[in-house]
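Chemist: What follows is a single structure, and I will ask about it in a moment.
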Amino acid sequence: MPANPDRRIAIVDDDDALRDALSWLFSTRNLPVSTYASAEELLAAYRPEDFGCLVLDVRMPGMGGQELFEQLKTFSYCPPVIFLTGHGDVPMAVAALKEGAADFIEKPFSDNDMVDLVERCLNDDQTRRGEWQTRTTVSQRLTQLTPREREVMKLILTGRLNKQIADDLSISMKTVEVHRARILEKMQVKTAMELAALLREAGIEG
């Protein structure tokens, strides 16, 4: 799956020469990039939808790469993060991997290794972002359901028939039919099977 050409790579490093070198490297592969001299500079303008991969230096004045990563994870979505490390920073980078970072690369690094890693992250972002967007969309639809509609939906998903649901909830069959119609309309599906498939795709339990 090709990476989205409109989604940028963010490079966050206080080393001017390294930022310039990486910017040039990615531009030769037609990969759009934005550079930042500090974590604070990135956060001031950060929106998750703007980036498909973030390359963060572990050690920087002020907020370091690990602390920045913790901040990025508080957003609704965090693109793949690669850490740039010196030899002594490898244990810190390994710890970041356990917290969900995509990978780390040691300085000095091979240009090809760097580009290959970033391209893998961009492709991974495209898959993960699609899953996040589906989950977000379905969650927003679920918020439109009333408590009673959620109750009816749970029973629908267990395969209960309208008459059985009416008996379970001590309501009329006509009321169940109205709830069912509204549930399908709000969830933008046509059948109970489609509803179950939609929730399963979003990784959400009814």
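By convention in this document, the chains of the structure tokens carry letters A, B, ... by their order, each chain's residues are numbered from 1, and ligands are numbered from 1 in the order they are shown.
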Report as a PyMOL selection string all protein, DNA and RNA residues lying within 12 Å of A:Ala45, evaluated on only C-alpha atoms, omitting residues in the same chain fewer than 6 positions from it.
Modeler: chain A and resi 10+34-36+38-39+51
Chemist: Which of chain A counts as strand (DSSP E or B) under DSSP, as a ChimeraX atom specification please?
Modeler: /A:8-12,33-36,51-57,81-85,103-106
Chemist: Deliver the residues from the most recent selection as a file, using N, CA and C atoms, as a PDB file, in the first residue's frame.
Modeler:
ATOM      1  N   ARG A   8       2.760  14.442   6.014  1.00  0.00           N
ATOM      2  CA  ARG A   8       4.156  14.837   6.147  1.00  0.00           C
ATOM      3  C   ARG A   8       4.897  14.037   7.216  1.00  0.00           C
ATOM      4  N   ILE A   9       6.233  14.093   7.110  1.00  0.00           N
ATOM      5  CA  ILE A   9       7.123  13.565   8.137  1.00  0.00           C
ATOM      6  C   ILE A   9       7.532  14.759   9.001  1.00  0.00           C
ATOM      7  N   ALA A  10       7.465  14.597  10.297  1.00  0.00           N
ATOM      8  CA  ALA A  10       7.945  15.642  11.206  1.00  0.00           C
ATOM      9  C   ALA A  10       9.293  15.208  11.767  1.00  0.00           C
ATOM     10  N   ILE A  11      10.275  16.095  11.651  1.00  0.00           N
ATOM     11  CA  ILE A  11      11.592  15.843  12.237  1.00  0.00           C
ATOM     12  C   ILE A  11      11.775  16.831  13.380  1.00  0.00           C
ATOM     13  N   VAL A  12      12.018  16.308  14.573  1.00  0.00           N
ATOM     14  CA  VAL A  12      12.195  17.168  15.751  1.00  0.00           C
ATOM     15  C   VAL A  12      13.580  16.894  16.320  1.00  0.00           C
ATOM     16  N   VAL A  33       8.231  16.914   4.181  1.00  0.00           N
ATOM     17  CA  VAL A  33       8.771  16.936   5.543  1.00  0.00           C
ATOM     18  C   VAL A  33       8.643  18.329   6.140  1.00  0.00           C
ATOM     19  N   SER A  34       8.442  18.377   7.455  1.00  0.00           N
ATOM     20  CA  SER A  34       8.500  19.623   8.215  1.00  0.00           C
ATOM     21  C   SER A  34       9.501  19.419   9.337  1.00  0.00           C
ATOM     22  N   THR A  35      10.303  20.436   9.634  1.00  0.00           N
ATOM     23  CA  THR A  35      11.326  20.304  10.662  1.00  0.00           C
ATOM     24  C   THR A  35      11.052  21.244  11.822  1.00  0.00           C
ATOM     25  N   TYR A  36      11.452  20.802  13.023  1.00  0.00           N
ATOM     26  CA  TYR A  36      11.232  21.572  14.247  1.00  0.00           C
ATOM     27  C   TYR A  36      12.486  21.486  15.112  1.00  0.00           C
ATOM     28  N   PHE A  51       0.440  14.605  10.001  1.00  0.00           N
ATOM     29  CA  PHE A  51       1.683  13.832   9.915  1.00  0.00           C
ATOM     30  C   PHE A  51       1.428  12.335   9.840  1.00  0.00           C
ATOM     31  N   GLY A  52       2.276  11.659   9.060  1.00  0.00           N
ATOM     32  CA  GLY A  52       2.194  10.214   8.952  1.00  0.00           C
ATOM     33  C   GLY A  52       3.305   9.514   9.694  1.00  0.00           C
ATOM     34  N   CYS A  53       4.304  10.286  10.146  1.00  0.00           N
ATOM     35  CA  CYS A  53       5.439   9.717  10.875  1.00  0.00           C
ATOM     36  C   CYS A  53       6.172  10.857  11.572  1.00  0.00           C
ATOM     37  N   LEU A  54       6.657  10.603  12.778  1.00  0.00           N
ATOM     38  CA  LEU A  54       7.424  11.607  13.509  1.00  0.00           C
ATOM     39  C   LEU A  54       8.781  11.025  13.889  1.00  0.00           C
ATOM     40  N   VAL A  55       9.836  11.770  13.595  1.00  0.00           N
ATOM     41  CA  VAL A  55      11.200  11.368  13.930  1.00  0.00           C
ATOM     42  C   VAL A  55      11.673  12.287  15.046  1.00  0.00           C
ATOM     43  N   LEU A  56      11.887  11.730  16.235  1.00  0.00           N
ATOM     44  CA  LEU A  56      12.194  12.536  17.417  1.00  0.00           C
ATOM     45  C   LEU A  56      13.571  12.201  17.972  1.00  0.00           C
ATOM     46  N   ASP A  57      14.347  13.240  18.240  1.00  0.00           N
ATOM     47  CA  ASP A  57      15.624  13.034  18.931  1.00  0.00           C
ATOM     48  C   ASP A  57      15.322  12.749  20.400  1.00  0.00           C
ATOM     49  N   VAL A  81       6.037   6.772  15.667  1.00  0.00           N
ATOM     50  CA  VAL A  81       7.146   7.596  16.150  1.00  0.00           C
ATOM     51  C   VAL A  81       8.447   6.798  16.082  1.00  0.00           C
ATOM     52  N   ILE A  82       9.460   7.410  15.457  1.00  0.00           N
ATOM     53  CA  ILE A  82      10.807   6.841  15.398  1.00  0.00           C
ATOM     54  C   ILE A  82      11.711   7.714  16.264  1.00  0.00           C
ATOM     55  N   PHE A  83      12.519   7.089  17.109  1.00  0.00           N
ATOM     56  CA  PHE A  83      13.461   7.840  17.929  1.00  0.00           C
ATOM     57  C   PHE A  83      14.851   7.810  17.305  1.00  0.00           C
ATOM     58  N   LEU A  84      15.487   8.969  17.279  1.00  0.00           N
ATOM     59  CA  LEU A  84      16.902   9.085  16.916  1.00  0.00           C
ATOM     60  C   LEU A  84      17.712   9.035  18.206  1.00  0.00           C
ATOM     61  N   THR A  85      18.693   8.150  18.258  1.00  0.00           N
ATOM     62  CA  THR A  85      19.436   7.986  19.502  1.00  0.00           C
ATOM     63  C   THR A  85      20.932   7.950  19.269  1.00  0.00           C
ATOM     64  N   ASP A 103       9.906   2.438  16.354  1.00  0.00           N
ATOM     65  CA  ASP A 103      11.263   1.909  16.240  1.00  0.00           C
ATOM     66  C   ASP A 103      12.238   3.003  16.658  1.00  0.00           C
ATOM     67  N   PHE A 104      13.527   2.670  16.654  1.00  0.00           N
ATOM     68  CA  PHE A 104      14.556   3.686  16.876  1.00  0.00           C
ATOM     69  C   PHE A 104      15.725   3.408  15.951  1.00  0.00           C
ATOM     70  N   ILE A 105      16.480   4.451  15.684  1.00  0.00           N
ATOM     71  CA  ILE A 105      17.633   4.299  14.797  1.00  0.00           C
ATOM     72  C   ILE A 105      18.802   5.067  15.411  1.00  0.00           C
ATOM     73  N   GLU A 106      19.959   4.428  15.418  1.00  0.00           N
ATOM     74  CA  GLU A 106      21.125   5.024  16.073  1.00  0.00           C
ATOM     75  C   GLU A 106      21.878   5.959  15.133  1.00  0.00           C
TER      76      GLU A 106
END
Chemist: To one decimal place in Å, what is the distance between atom CA of A:Arg141 and atom CA of A:Asn123?
Modeler: 27.7 Å
